[in-house]
file input11.cif (mmCIF, C-alpha atoms)
data_input
#
loop_
_atom_site.label_atom_id
_atom_site.label_comp_id
_atom_site.auth_asym_id
_atom_site.auth_seq_id
_atom_site.Cartn_x
_atom_site.Cartn_y
_atom_site.Cartn_z
CA MET A 1298 63.08 -15.41 -1.44
CA GLU A 1299 60.04 -13.53 -2.66
CA ILE A 1300 58.21 -16.81 -3.25
CA GLU A 1301 58.88 -17.91 0.32
CA THR A 1302 57.68 -14.56 1.64
CA GLU A 1303 54.45 -14.88 -0.33
CA ARG A 1304 53.92 -18.40 1.02
CA VAL A 1305 54.46 -17.23 4.57
CA GLY A 1306 52.06 -14.33 4.05
CA PHE A 1307 49.47 -16.68 2.58
CA PHE A 1308 49.65 -19.07 5.54
CA VAL A 1309 49.57 -16.18 8.02
CA ASN A 1310 46.48 -14.71 6.40
CA GLY A 1311 44.86 -18.12 6.31
CA TRP A 1312 45.60 -18.67 9.98
CA GLN A 1313 44.22 -15.25 10.90
CA TRP A 1314 41.06 -15.99 8.93
CA PHE A 1315 40.68 -19.38 10.61
CA LYS A 1316 41.15 -17.85 14.09
CA GLY A 1317 38.55 -15.19 13.26
CA ILE A 1318 35.84 -17.73 12.34
CA PRO A 1319 34.39 -17.97 15.90
CA LEU A 1320 34.39 -14.20 16.30
CA ASN A 1321 32.82 -13.60 12.89
CA ALA A 1322 30.23 -16.32 13.51
CA GLY A 1323 29.38 -14.79 16.88
CA ALA A 1324 29.05 -11.33 15.34
CA ALA A 1325 26.82 -12.71 12.59
CA VAL A 1326 24.57 -14.41 15.16
CA VAL A 1327 24.36 -11.24 17.23
CA GLY A 1328 23.58 -9.17 14.14
CA PHE A 1329 20.87 -11.61 13.07
CA ALA A 1330 19.33 -11.61 16.55
CA GLU A 1331 19.35 -7.81 16.65
CA GLN A 1332 17.72 -7.59 13.24
CA ALA A 1333 15.07 -10.15 14.26
CA ARG A 1334 14.37 -8.20 17.47
CA LYS A 1335 14.00 -4.96 15.52
CA ILE A 1336 11.59 -6.51 12.98
CA ALA A 1337 9.49 -8.06 15.74
CA SER A 1338 9.41 -4.84 17.78
CA ASP A 1339 8.60 -2.62 14.78
CA ASP A 1340 5.63 -4.78 13.75
CA PRO A 1341 4.72 -7.62 16.19
CA ARG A 1342 2.18 -8.87 13.64
CA LYS A 1343 5.04 -10.36 11.60
CA LEU A 1344 6.09 -12.58 14.50
CA ILE A 1345 2.46 -13.58 15.10
CA HIS A 1346 2.05 -14.39 11.40
CA SER A 1347 5.04 -16.72 11.58
CA LEU A 1348 3.45 -18.52 14.54
CA LYS A 1349 0.15 -18.81 12.65
CA VAL A 1350 1.88 -20.41 9.65
CA GLY A 1351 3.59 -22.89 11.96
CA LEU A 1352 0.24 -23.75 13.55
CA ALA A 1353 -1.43 -24.30 10.15
CA LEU A 1354 1.39 -26.56 8.92
CA SER A 1355 1.26 -28.55 12.16
CA LEU A 1356 -2.47 -29.14 11.76
CA VAL A 1357 -2.39 -30.27 8.13
CA SER A 1358 0.64 -32.48 8.84
CA LEU A 1359 -1.66 -34.62 10.98
CA PHE A 1360 -2.76 -36.28 7.73
CA TYR A 1361 0.39 -38.36 7.94
CA TYR A 1362 -0.08 -39.43 11.56
CA PHE A 1363 -3.76 -40.38 11.70
CA GLN A 1364 -4.27 -43.62 9.86
CA PRO A 1365 -7.92 -42.99 8.87
CA LEU A 1366 -6.99 -39.73 7.20
CA TYR A 1367 -3.90 -41.15 5.52
CA SER A 1368 -5.87 -44.14 4.27
CA SER A 1369 -8.42 -41.80 2.66
CA PHE A 1370 -5.97 -39.48 0.94
CA GLY A 1371 -2.64 -41.29 0.85
CA VAL A 1372 0.26 -39.32 -0.60
CA SER A 1373 -2.23 -36.73 -1.89
CA ALA A 1374 -2.13 -35.32 1.64
CA MET A 1375 1.05 -33.51 0.61
CA TRP A 1376 -1.13 -31.11 -1.43
CA ALA A 1377 -2.61 -29.82 1.85
CA VAL A 1378 0.88 -29.02 3.13
CA MET A 1379 1.86 -27.38 -0.17
CA THR A 1380 -1.35 -25.35 -0.13
CA VAL A 1381 -0.57 -23.95 3.32
CA VAL A 1382 2.96 -23.02 2.23
CA VAL A 1383 1.87 -21.12 -0.90
CA VAL A 1384 -1.55 -19.79 0.24
CA PHE A 1385 -0.98 -18.48 3.77
CA GLU A 1386 -0.24 -14.77 3.38
CA PHE A 1387 0.20 -11.91 5.83
CA SER A 1388 -3.33 -10.50 5.58
CA VAL A 1389 -6.75 -12.12 5.59
CA GLY A 1390 -7.60 -10.73 2.14
CA ALA A 1391 -4.41 -12.07 0.54
CA THR A 1392 -4.90 -15.50 2.12
CA LEU A 1393 -8.58 -15.70 1.18
CA GLY A 1394 -7.89 -14.52 -2.37
CA LYS A 1395 -5.15 -17.08 -2.93
CA GLY A 1396 -7.21 -19.86 -1.35
CA VAL A 1397 -10.26 -19.17 -3.51
CA ASN A 1398 -8.10 -18.84 -6.62
CA ARG A 1399 -6.33 -22.13 -5.96
CA GLY A 1400 -9.51 -24.07 -5.15
CA LEU A 1401 -11.64 -22.84 -8.05
CA ALA A 1402 -8.78 -23.08 -10.54
CA THR A 1403 -8.05 -26.66 -9.50
CA LEU A 1404 -11.73 -27.62 -9.81
CA ALA A 1405 -12.22 -25.96 -13.22
CA ALA A 1406 -8.93 -27.18 -14.68
CA GLY A 1407 -9.52 -30.71 -13.38
CA ALA A 1408 -12.94 -30.89 -15.03
CA LEU A 1409 -11.74 -29.47 -18.36
CA GLY A 1410 -8.57 -31.56 -18.30
CA LEU A 1411 -10.62 -34.69 -17.67
CA GLY A 1412 -12.91 -33.81 -20.59
CA ALA A 1413 -9.94 -33.14 -22.89
CA HIS A 1414 -8.31 -36.43 -21.88
CA HIS A 1415 -11.53 -38.38 -22.50
CA LEU A 1416 -12.08 -36.82 -25.94
CA ALA A 1417 -8.50 -37.56 -26.95
CA THR A 1418 -8.73 -41.15 -25.69
CA VAL A 1419 -11.88 -42.07 -27.66
CA THR A 1420 -10.26 -41.01 -30.94
CA GLY A 1421 -7.70 -43.80 -30.75
CA LYS A 1422 -3.97 -44.12 -30.16
CA THR A 1423 -3.06 -42.32 -33.36
CA TRP A 1424 -4.94 -39.07 -32.74
CA GLU A 1425 -4.70 -39.04 -28.93
CA PRO A 1426 -1.27 -37.33 -28.60
CA ILE A 1427 -2.15 -34.88 -31.36
CA LEU A 1428 -5.41 -33.81 -29.73
CA ILE A 1429 -3.82 -33.66 -26.27
CA GLY A 1430 -1.10 -31.40 -27.62
CA LEU A 1431 -3.69 -29.24 -29.38
CA PHE A 1432 -5.83 -28.89 -26.24
CA VAL A 1433 -2.81 -28.00 -24.11
CA PHE A 1434 -1.63 -25.45 -26.69
CA VAL A 1435 -5.03 -23.77 -27.01
CA GLN A 1436 -5.68 -23.48 -23.27
CA ALA A 1437 -2.12 -22.29 -22.58
CA VAL A 1438 -2.36 -19.57 -25.23
CA ALA A 1439 -5.83 -18.45 -24.10
CA SER A 1440 -5.01 -18.53 -20.38
CA THR A 1441 -1.70 -16.71 -20.78
CA PHE A 1442 -3.31 -14.00 -22.89
CA ILE A 1443 -6.12 -13.57 -20.35
CA ARG A 1444 -3.49 -12.87 -17.69
CA PHE A 1445 -2.77 -9.55 -19.43
CA PHE A 1446 -6.28 -8.25 -18.68
CA PRO A 1447 -5.85 -5.67 -15.89
CA ARG A 1448 -8.69 -7.00 -13.74
CA VAL A 1449 -7.52 -10.61 -14.12
CA LYS A 1450 -3.89 -9.63 -13.46
CA ALA A 1451 -4.86 -7.84 -10.26
CA ARG A 1452 -7.17 -10.43 -8.70
CA TYR A 1453 -6.97 -13.78 -10.50
CA ASP A 1454 -3.41 -14.10 -11.81
CA TYR A 1455 -2.48 -16.82 -9.32
CA GLY A 1456 -5.64 -18.77 -10.15
CA VAL A 1457 -4.87 -18.66 -13.89
CA LEU A 1458 -1.38 -20.06 -13.26
CA ILE A 1459 -2.82 -22.91 -11.18
CA PHE A 1460 -5.38 -23.54 -13.92
CA ILE A 1461 -2.65 -23.91 -16.57
CA LEU A 1462 -0.61 -26.26 -14.38
CA THR A 1463 -3.52 -28.45 -13.30
CA PHE A 1464 -4.97 -28.75 -16.82
CA CYS A 1465 -1.61 -29.95 -18.16
CA LEU A 1466 -1.14 -32.44 -15.31
CA VAL A 1467 -4.59 -33.96 -15.77
CA SER A 1468 -4.71 -34.02 -19.57
CA ILE A 1469 -1.24 -35.52 -20.15
CA SER A 1470 -1.13 -37.79 -17.08
CA GLY A 1471 -1.51 -41.00 -19.12
CA LEU A 1472 -3.88 -42.45 -16.50
CA ARG A 1473 -7.23 -44.06 -17.12
CA THR A 1474 -10.32 -41.91 -16.74
CA ASP A 1475 -11.33 -43.47 -13.43
CA GLU A 1476 -7.80 -42.99 -12.09
CA ILE A 1477 -7.82 -39.34 -13.16
CA VAL A 1478 -11.16 -38.81 -11.40
CA ASP A 1479 -9.79 -40.34 -8.20
CA PHE A 1480 -6.59 -38.26 -8.44
CA ALA A 1481 -8.53 -35.02 -9.06
CA GLN A 1482 -10.96 -35.68 -6.21
CA LYS A 1483 -8.20 -36.34 -3.69
CA ARG A 1484 -6.13 -33.37 -4.80
CA PHE A 1485 -9.09 -31.00 -4.76
CA SER A 1486 -10.19 -32.23 -1.31
CA THR A 1487 -6.75 -31.79 0.23
CA ILE A 1488 -6.35 -28.36 -1.35
CA VAL A 1489 -9.72 -27.28 0.07
CA ILE A 1490 -8.73 -28.58 3.51
CA GLY A 1491 -5.38 -26.78 3.39
CA ALA A 1492 -6.91 -23.50 2.14
CA THR A 1493 -9.72 -23.69 4.71
CA THR A 1494 -7.17 -24.21 7.49
CA CYS A 1495 -5.28 -21.12 6.35
CA VAL A 1496 -8.39 -18.94 6.11
CA VAL A 1497 -9.81 -20.04 9.48
CA ILE A 1498 -6.54 -19.45 11.35
CA SER A 1499 -5.96 -16.17 9.50
CA ILE A 1500 -9.38 -14.85 10.55
CA LEU A 1501 -9.64 -16.26 14.07
CA VAL A 1502 -6.07 -15.85 15.34
CA TYR A 1503 -5.05 -12.17 15.53
CA PRO A 1504 -6.34 -11.26 12.05
CA VAL A 1505 -4.49 -8.75 9.89
CA TRP A 1506 -6.94 -6.91 7.63
CA ALA A 1507 -5.58 -5.41 4.41
CA GLY A 1508 -8.53 -3.00 4.31
CA GLU A 1509 -7.65 -1.61 7.72
CA ASP A 1510 -4.01 -1.20 6.66
CA LEU A 1511 -5.12 0.70 3.53
CA HIS A 1512 -7.44 2.86 5.63
CA ASN A 1513 -4.61 3.75 8.03
CA LEU A 1514 -2.05 4.29 5.24
CA VAL A 1515 -4.24 6.81 3.39
CA ALA A 1516 -4.91 8.74 6.60
CA LYS A 1517 -1.23 8.60 7.61
CA ASN A 1518 -0.03 9.99 4.28
CA MET A 1519 -2.43 12.93 4.51
CA ASP A 1520 -1.30 13.60 8.07
CA LYS A 1521 2.39 13.57 7.00
CA LEU A 1522 1.65 16.02 4.21
CA GLY A 1523 -0.28 18.23 6.63
CA ASN A 1524 2.63 18.26 9.09
CA PHE A 1525 4.98 19.35 6.32
CA LEU A 1526 2.76 22.21 5.17
CA GLU A 1527 2.21 23.39 8.74
CA ALA A 1528 5.97 23.62 9.25
CA PHE A 1529 6.69 25.15 5.85
CA GLY A 1530 5.16 28.54 6.62
CA ASP A 1531 7.54 29.09 9.52
CA GLU A 1532 10.56 27.52 7.86
CA CYS A 1533 10.56 29.60 4.68
CA PHE A 1534 10.52 33.03 6.35
CA THR A 1535 11.68 32.68 9.96
CA ARG A 1536 14.31 29.95 10.21
CA PRO A 1537 17.78 31.10 11.36
CA GLU A 1538 20.03 32.22 8.53
CA GLY A 1539 22.39 29.53 7.26
CA VAL A 1540 20.38 26.69 8.83
CA ARG A 1541 18.86 24.13 6.48
CA PRO A 1542 15.46 22.79 7.48
CA ALA A 1543 14.91 19.22 8.64
CA LEU A 1544 11.34 18.68 7.52
CA VAL A 1545 9.75 15.28 7.11
CA GLY A 1546 10.58 13.44 3.88
CA LEU A 1547 7.85 13.13 1.28
CA GLN A 1548 9.32 10.21 -0.67
CA PRO A 1549 7.26 7.51 1.16
CA ILE A 1550 4.07 9.31 0.07
CA LEU A 1551 5.25 9.60 -3.53
CA ASP A 1552 6.19 5.88 -3.63
CA SER A 1553 3.03 4.54 -1.98
CA LYS A 1554 0.99 3.81 -5.13
CA SER A 1555 2.03 0.16 -5.45
CA SER A 1556 1.36 -0.59 -1.77
CA GLU A 1557 -2.04 1.10 -1.88
CA GLU A 1558 -3.17 -0.78 -4.99
CA THR A 1559 -2.01 -4.10 -3.53
CA LEU A 1560 -3.83 -3.47 -0.25
CA ALA A 1561 -7.00 -2.43 -2.09
CA ASN A 1562 -6.88 -5.61 -4.16
CA PHE A 1563 -6.56 -7.76 -1.04
CA ALA A 1564 -9.23 -5.76 0.80
CA ARG A 1565 -11.82 -6.64 -1.85
CA TRP A 1566 -11.52 -10.30 -0.87
CA GLU A 1567 -12.16 -9.67 2.81
CA PRO A 1568 -15.55 -10.17 4.48
CA GLY A 1569 -17.16 -7.35 6.42
CA HIS A 1570 -15.38 -6.73 9.71
CA GLY A 1571 -15.37 -4.06 12.38
CA LYS A 1572 -16.00 -0.62 10.87
CA PHE A 1573 -15.71 -1.91 7.31
CA MET A 1574 -18.85 -3.33 5.78
CA TYR A 1575 -19.01 -5.87 2.97
CA ARG A 1576 -18.27 -4.24 -0.42
CA HIS A 1577 -16.68 -1.26 1.29
CA PRO A 1578 -15.79 1.46 -1.28
CA TRP A 1579 -12.07 0.65 -1.47
CA LYS A 1580 -11.79 2.26 -4.91
CA GLN A 1581 -12.57 5.61 -3.33
CA TYR A 1582 -9.57 5.16 -1.04
CA LEU A 1583 -7.40 4.77 -4.15
CA LYS A 1584 -8.87 7.99 -5.52
CA ILE A 1585 -8.05 9.85 -2.29
CA ALA A 1586 -4.57 8.34 -2.25
CA SER A 1587 -4.00 9.44 -5.85
CA LEU A 1588 -5.07 13.01 -5.05
CA THR A 1589 -2.78 12.99 -1.99
CA ARG A 1590 0.17 11.94 -4.16
CA HIS A 1591 -0.63 14.68 -6.68
CA CYS A 1592 -0.62 17.16 -3.81
CA ALA A 1593 2.71 15.73 -2.59
CA TYR A 1594 4.17 16.20 -6.08
CA ARG A 1595 3.33 19.91 -5.78
CA VAL A 1596 4.73 20.10 -2.26
CA GLU A 1597 7.99 18.38 -3.23
CA PRO A 1598 9.37 21.50 -5.05
CA LEU A 1599 8.83 23.50 -1.85
CA ASN A 1600 10.83 20.94 0.08
CA ALA A 1601 13.56 20.92 -2.58
CA TYR A 1602 13.75 24.71 -2.49
CA LEU A 1603 14.13 24.82 1.29
CA GLN A 1604 16.79 22.12 1.22
CA SER A 1605 18.80 23.96 -1.42
CA GLN A 1606 18.63 27.45 0.08
CA THR A 1607 20.30 28.78 3.22
CA GLN A 1608 18.56 32.18 3.14
CA ASN A 1609 14.93 32.94 3.88
CA LEU A 1610 12.54 34.17 1.24
CA GLN A 1611 12.43 37.97 0.99
CA ALA A 1612 8.95 39.49 0.59
CA PRO A 1613 6.79 42.29 2.01
CA GLN A 1614 5.31 41.54 5.40
CA GLU A 1615 1.73 41.21 4.14
CA ILE A 1616 2.72 38.67 1.51
CA GLN A 1617 4.75 36.76 4.09
CA GLU A 1618 1.72 36.58 6.38
CA ILE A 1619 -0.58 35.36 3.63
CA ILE A 1620 1.88 32.73 2.31
CA SER A 1621 2.59 31.48 5.82
CA ARG A 1622 -1.10 31.35 6.66
CA MET A 1623 -2.00 29.60 3.41
CA SER A 1624 0.60 26.91 4.07
CA THR A 1625 -0.37 26.52 7.72
CA GLU A 1626 -4.09 26.33 7.01
CA SER A 1627 -3.55 23.84 4.18
CA GLY A 1628 -1.59 21.67 6.60
CA LYS A 1629 -4.24 21.92 9.28
CA ALA A 1630 -6.91 21.08 6.73
CA LEU A 1631 -5.08 17.96 5.59
CA LYS A 1632 -4.58 16.84 9.18
CA GLU A 1633 -8.27 17.34 9.90
CA LEU A 1634 -9.16 15.42 6.75
CA ALA A 1635 -6.83 12.63 7.88
CA TRP A 1636 -8.62 12.63 11.24
CA THR A 1637 -11.96 12.50 9.42
CA VAL A 1638 -10.88 9.39 7.51
CA GLN A 1639 -9.25 7.76 10.53
CA THR A 1640 -12.32 8.17 12.74
CA MET A 1641 -14.79 7.66 9.84
CA THR A 1642 -16.60 10.89 10.70
CA ARG A 1643 -18.52 12.99 8.19
CA PRO A 1644 -16.90 16.35 7.37
CA ASP A 1645 -18.91 19.58 7.60
CA SER A 1646 -19.37 21.94 4.64
CA HIS A 1647 -18.43 25.63 4.77
CA GLU A 1648 -17.10 28.32 2.46
CA SER A 1649 -13.43 27.92 1.55
CA ASN A 1650 -11.47 30.74 3.21
CA LEU A 1651 -8.25 29.37 1.77
CA ARG A 1652 -9.53 30.04 -1.71
CA ILE A 1653 -10.26 33.64 -0.70
CA ALA A 1654 -6.74 33.96 0.69
CA SER A 1655 -5.32 32.51 -2.51
CA LYS A 1656 -7.18 35.04 -4.65
CA ASN A 1657 -6.05 37.90 -2.44
CA LEU A 1658 -2.46 36.69 -2.68
CA HIS A 1659 -2.68 36.82 -6.46
CA SER A 1660 -4.03 40.35 -6.20
CA LEU A 1661 -1.18 41.37 -3.91
CA LEU A 1662 1.41 39.93 -6.27
CA LYS A 1663 -0.08 41.97 -9.11
CA SER A 1664 -0.12 45.15 -7.06
CA ASP A 1665 2.60 47.81 -6.61
CA PHE A 1666 4.37 46.01 -3.79
CA TRP A 1667 7.16 45.01 -6.17
CA GLU A 1668 7.71 48.33 -7.93
CA GLU A 1669 10.53 49.21 -5.58
CA GLN A 1670 12.06 45.73 -5.84
CA THR A 1671 14.70 45.75 -8.57
CA ASP A 1672 16.32 42.38 -7.80
CA ILE A 1673 14.32 39.88 -9.83
CA SER A 1674 16.17 36.98 -8.19
CA LEU A 1675 14.24 37.81 -4.99
CA VAL A 1676 10.89 38.19 -6.74
CA ILE A 1677 10.84 34.94 -8.70
CA PRO A 1678 11.18 32.53 -5.70
CA VAL A 1679 8.32 34.21 -3.84
CA ALA A 1680 6.08 34.17 -6.90
CA ALA A 1681 6.91 30.49 -7.51
CA VAL A 1682 6.11 29.57 -3.90
CA ALA A 1683 2.84 31.50 -4.07
CA SER A 1684 1.87 29.73 -7.30
CA LEU A 1685 2.65 26.31 -5.83
CA LEU A 1686 0.64 27.07 -2.70
CA SER A 1687 -2.29 28.13 -4.84
CA ASP A 1688 -2.16 24.77 -6.63
CA ILE A 1689 -1.87 22.99 -3.28
CA VAL A 1690 -5.03 24.72 -2.06
CA SER A 1691 -6.88 23.37 -5.11
CA CYS A 1692 -5.49 19.90 -4.40
CA VAL A 1693 -6.62 20.02 -0.78
CA GLU A 1694 -10.11 21.03 -1.85
CA ALA A 1695 -10.19 18.12 -4.32
CA ILE A 1696 -9.14 15.76 -1.52
CA ALA A 1697 -11.89 17.18 0.70
CA GLU A 1698 -14.48 16.55 -2.02
CA ALA A 1699 -13.27 12.96 -2.47
CA ILE A 1700 -13.47 12.35 1.29
CA ASP A 1701 -16.96 13.82 1.37
CA GLU A 1702 -17.93 11.33 -1.33
CA LEU A 1703 -16.29 8.51 0.66
CA SER A 1704 -18.23 9.51 3.77
CA SER A 1705 -21.48 9.08 1.85
CA LEU A 1706 -20.51 5.75 0.27
CA ALA A 1707 -19.15 4.28 3.50
CA HIS A 1708 -21.85 5.81 5.73
CA PHE A 1709 -19.51 7.70 8.04
CA LYS A 1710 -20.95 8.73 11.39
CA GLN A 1711 -22.01 12.28 12.14
CA PRO A 1712 -19.54 14.24 14.33
CA ASP A 1713 -20.71 14.60 17.92
CA ASP A 1714 -20.65 17.80 19.94
CA LYS A 1715 -17.27 16.97 21.45
CA ASP A 1716 -15.75 16.63 17.99
CA LYS A 1717 -17.28 19.91 16.89
CA ALA A 1718 -15.86 21.65 19.96
CA SER A 1719 -12.28 21.16 18.76
CA SER A 1720 -11.23 24.35 17.04
CA HIS A 1721 -8.26 26.27 15.69
CA PHE A 1722 -7.66 29.59 14.00
CA SER A 1723 -8.04 30.16 10.28
CA VAL A 1724 -7.45 33.30 8.24
CA VAL A 1725 -9.78 35.28 6.00
CA VAL A 1726 -8.10 38.00 3.92
CA ASP A 1727 -10.68 40.57 2.87
CA ASP A 1728 -8.46 43.16 1.19
CA HIS A 1729 -4.87 44.31 0.87
CA ASP A 1730 -4.84 46.05 4.23
CA GLN A 1731 -6.69 43.69 6.55
CA VAL A 1732 -6.06 40.19 7.91
CA LYS A 1733 -8.77 38.88 10.21
CA GLN A 1734 -8.54 35.81 12.43
CA GLU A 1735 -11.66 33.77 13.00
CA SER A 1736 -12.19 30.67 15.09
CA LYS A 1737 -13.47 27.71 13.06
CA SER A 1738 -14.51 24.26 14.15
CA SER A 1739 -12.01 22.48 11.90
CA ALA A 1740 -9.92 22.93 8.80
CA VAL A 1741 -12.28 20.64 7.01
CA GLU A 1742 -15.01 23.24 7.47
CA ILE A 1743 -13.08 25.83 5.51
CA LEU A 1744 -12.19 23.51 2.67
CA VAL A 1745 -15.28 21.54 1.68
CA VAL A 1746 -17.65 23.68 -0.34
#

call {"tool": "encode", "arguments": {"input": "input11.cif", "output": "structure tokens"}}
result
Amino acid sequence: MEIETERVGFFVNGWQWFKGIPLNAGAAVVGFAEQARKIASDDPRKLIHSLKVGLALSLVSLFYYFQPLYSSFGVSAMWAVMTVVVVFEFSVGATLGKGVNRGLATLAAGALGLGAHHLATVTGKTWEPILIGLFVFVQAVASTFIRFFPRVKARYDYGVLIFILTFCLVSISGLRTDEIVDFAQKRFSTIVIGATTCVVISILVYPVWAGEDLHNLVAKNMDKLGNFLEAFGDECFTRPEGVRPALVGLQPILDSKSSEETLANFARWEPGHGKFMYRHPWKQYLKIASLTRHCAYRVEPLNAYLQSQTQNLQAPQEIQEIISRMSTESGKALKELAWTVQTMTRPDSHESNLRIASKNLHSLLKSDFWEEQTDISLVIPVAAVASLLSDIVSCVEAIAEAIDELSSLAHFKQPDDKDKASSHFSVVVDDHDQVKQESKSSAVEILVV
């Protein structure tokens, strides 16, 4: 009886599954379409890139349909199609870098492989396989070891892999020398045609520049950090009791190193375009990005503290004002620095009022404000926040110095009168009893010494 019940249950479940196939298939199609729509709407460049790859493959496929071209290259025309598939990348720099790597590696490996094959052939049938094996072993060991060099790994790793593959194919092909020459010529020609097609379409049809993406990413991360610091001053002292803050997450900034290094590597391959000249100082962008991450690492404990506490910090009014102002001004400064990078405008140089405020905060913390405070659990959080903000001020000033250096290397434009007219309030703390507000042209002016 139990066996029959199990059989019935099995067939019922199977029938239910079979009936649900159309519904599940429809739901899967709808989910896929929704995901595709979201990807295309979030970044239309991805859809355009797909169309560009289709166009490039269609063009190089003409080798098979025009008899003169097919007669010249024959089945070697497939290398043009393969080149488009593996070379065409999202950005111009990535495509150009892969194309140059593939072309030069094929040329160099073909020449050396041909030489190795010829030397092995003239020694006779006995020594030929031994020498071929020796040549392949030596070049494989040397090339693989060279891949561990940081500069080679970053820019030429793909080319080294193609070099290893092509050298082995040519040297152990078993063809006569004249046949190898013909094979190498046809393969190199089709690879050049395929790579050239990719580069031309990548540059002429809605180009995506890795350098511009790096430029925007660095500015965006500084702006995010500035928004956080601007909000922190109000959140830590004045948010409603029992309410946890909902400040912007800092994790994307902390995890951006890999993306920034990849974009900088691709940007070095790109020709001069728009606002970015040839040999633009991309390394300086990496320096600014590194300093921004270091600043974010110091800001992260502030965020963690706010997320873990439901009560506001308790401190004398003067210390509250200085901490809030330090955080707010640091945020404004970072946002102005982000604007400076985004618009490629030279920052102005003025005395750092934030540093003055930081020193005065240290003096206040060492004064007699805390003599009446017996609960050390209330003193330690405020002192920790003040110390972190002091470190953040130093980080912001280091970022300002790096951006000033970038403005000189990249020849940023001078700010016009309209730019200088934009202003906000900054704070100068002269002593323990006085807080003065002064109008400044930008937060950059109070940070770059």

call {"tool": "resolve_selection", "arguments": {"input": "input11.cif", "expression": "the PyMOL selection byres ((chain A and resi 1432-1435) around 12)", "output": "VMD selection string"}}
result
chain A and resid 1406 1409 to 1417 1425 to 1431 1436 to 1442 1460 to 1469

call {"tool": "residues_near_point", "arguments": {"input": "input11.cif", "point": "(2.7, -6.2, 13.0)", "cutoff": "12 Å", "atoms": "all atoms listed in the file", "output": "PyMOL selection string"}}
result
chain A and resi 1335-1347+1387-1388+1503-1507+1510

call {"tool": "resolve_selection", "arguments": {"input": "input11.cif", "expression": "the PyMOL selection byres ((chain A and resi 1633) around 10)", "output": "MDAnalysis selection string"}}
result
chainID A and resid 1516 1519:1520 1523 1627:1632 1634:1639 1644 1697 1739:1742

call {"tool": "closest_residue", "arguments": {"input": "input11.cif", "among": "A:Val1378, A:Ala1564, A:Val1326, A:Leu1599", "to": "Leu1526 in chain A", "atoms": "only C-alpha atoms"}}
result
A:Leu1599

call {"tool": "closest_residue", "arguments": {"input": "input11.cif", "among": "A:Thr1423, A:Ser1555, A:Asn1562, A:Gln1482", "to": "Lys1450 in chain A", "atoms": "only C-alpha atoms"}}
result
A:Asn1562

call {"tool": "atom_distance", "arguments": {"input": "input11.cif", "atom1": "CA of Ala1377 in chain A", "atom2": "CA of Asp1479 in chain A"}}
result
16.2 Å

call {"tool": "atom_distance", "arguments": {"input": "input11.cif", "atom1": "CA of Gly1351 in chain A", "atom2": "CA of Glu1509 in chain A"}}
result
24.4 Å

call {"tool": "resolve_selection", "arguments": {"input": "input11.cif", "expression": "the PyMOL selection byres ((chain A and resi 1568) around 12)", "output": "list in words"}}
result
Val1389, Gly1390, Ala1391, Leu1393, Gly1394, Val1496, Ile1500, Pro1504, Trp1506, Ala1507, Gly1508, Phe1563, Ala1564, Arg1565, Trp1566, Glu1567, Gly1569, His1570, Gly1571, Lys1572, Phe1573, Met1574, Tyr1575, Arg1576 and His1577 of chain A

call {"tool": "residues_around", "arguments": {"input": "input11.cif", "residues": "Ile1620 in chain A", "least_positions_apart": "3", "cutoff": "7 Å", "atoms": "all atoms listed in the file", "output": "MDAnalysis selection string"}}
result
chainID A and resid 1530 1616:1617 1623:1624 1683

call {"tool": "closest_residue", "arguments": {"input": "input11.cif", "among": "A:Lys1656, A:Arg1643, A:His1708, A:Arg1590", "to": "Ile1696 in chain A", "atoms": "all atoms listed in the file"}}
result
A:Arg1590

call {"tool": "atom_distance", "arguments": {"input": "input11.cif", "atom1": "CA of Ile1459 in chain A", "atom2": "CA of Glu1557 in chain A"}}
result
25.8 Å

call {"tool": "closest_residue", "arguments": {"input": "input11.cif", "among": "A:Thr1625, A:Glu1618, A:Val1502, A:Ala1481", "to": "Asn1524 in chain A", "atoms": "only C-alpha atoms"}}
result
A:Thr1625

call {"tool": "residues_around", "arguments": {"input": "input11.cif", "residues": "Trp1376 in chain A", "least_positions_apart": "3", "cutoff": "9 Å", "atoms": "all atoms listed in the file", "output": "PyMOL selection string"}}
result
chain A and resi 1372-1373+1379-1381+1484-1485+1487-1488+1491

call {"tool": "closest_residue", "arguments": {"input": "input11.cif", "among": "A:Leu1359, A:Ala1330, A:Ala1325, A:Val1457", "to": "Ala1405 in chain A", "atoms": "only C-alpha atoms"}}
result
A:Val1457

call {"tool": "closest_residue", "arguments": {"input": "input11.cif", "among": "A:Ile1550, A:Ala1680, A:Val1489, A:Leu1703", "to": "Gly1400 in chain A", "atoms": "all atoms listed in the file"}}
result
A:Val1489
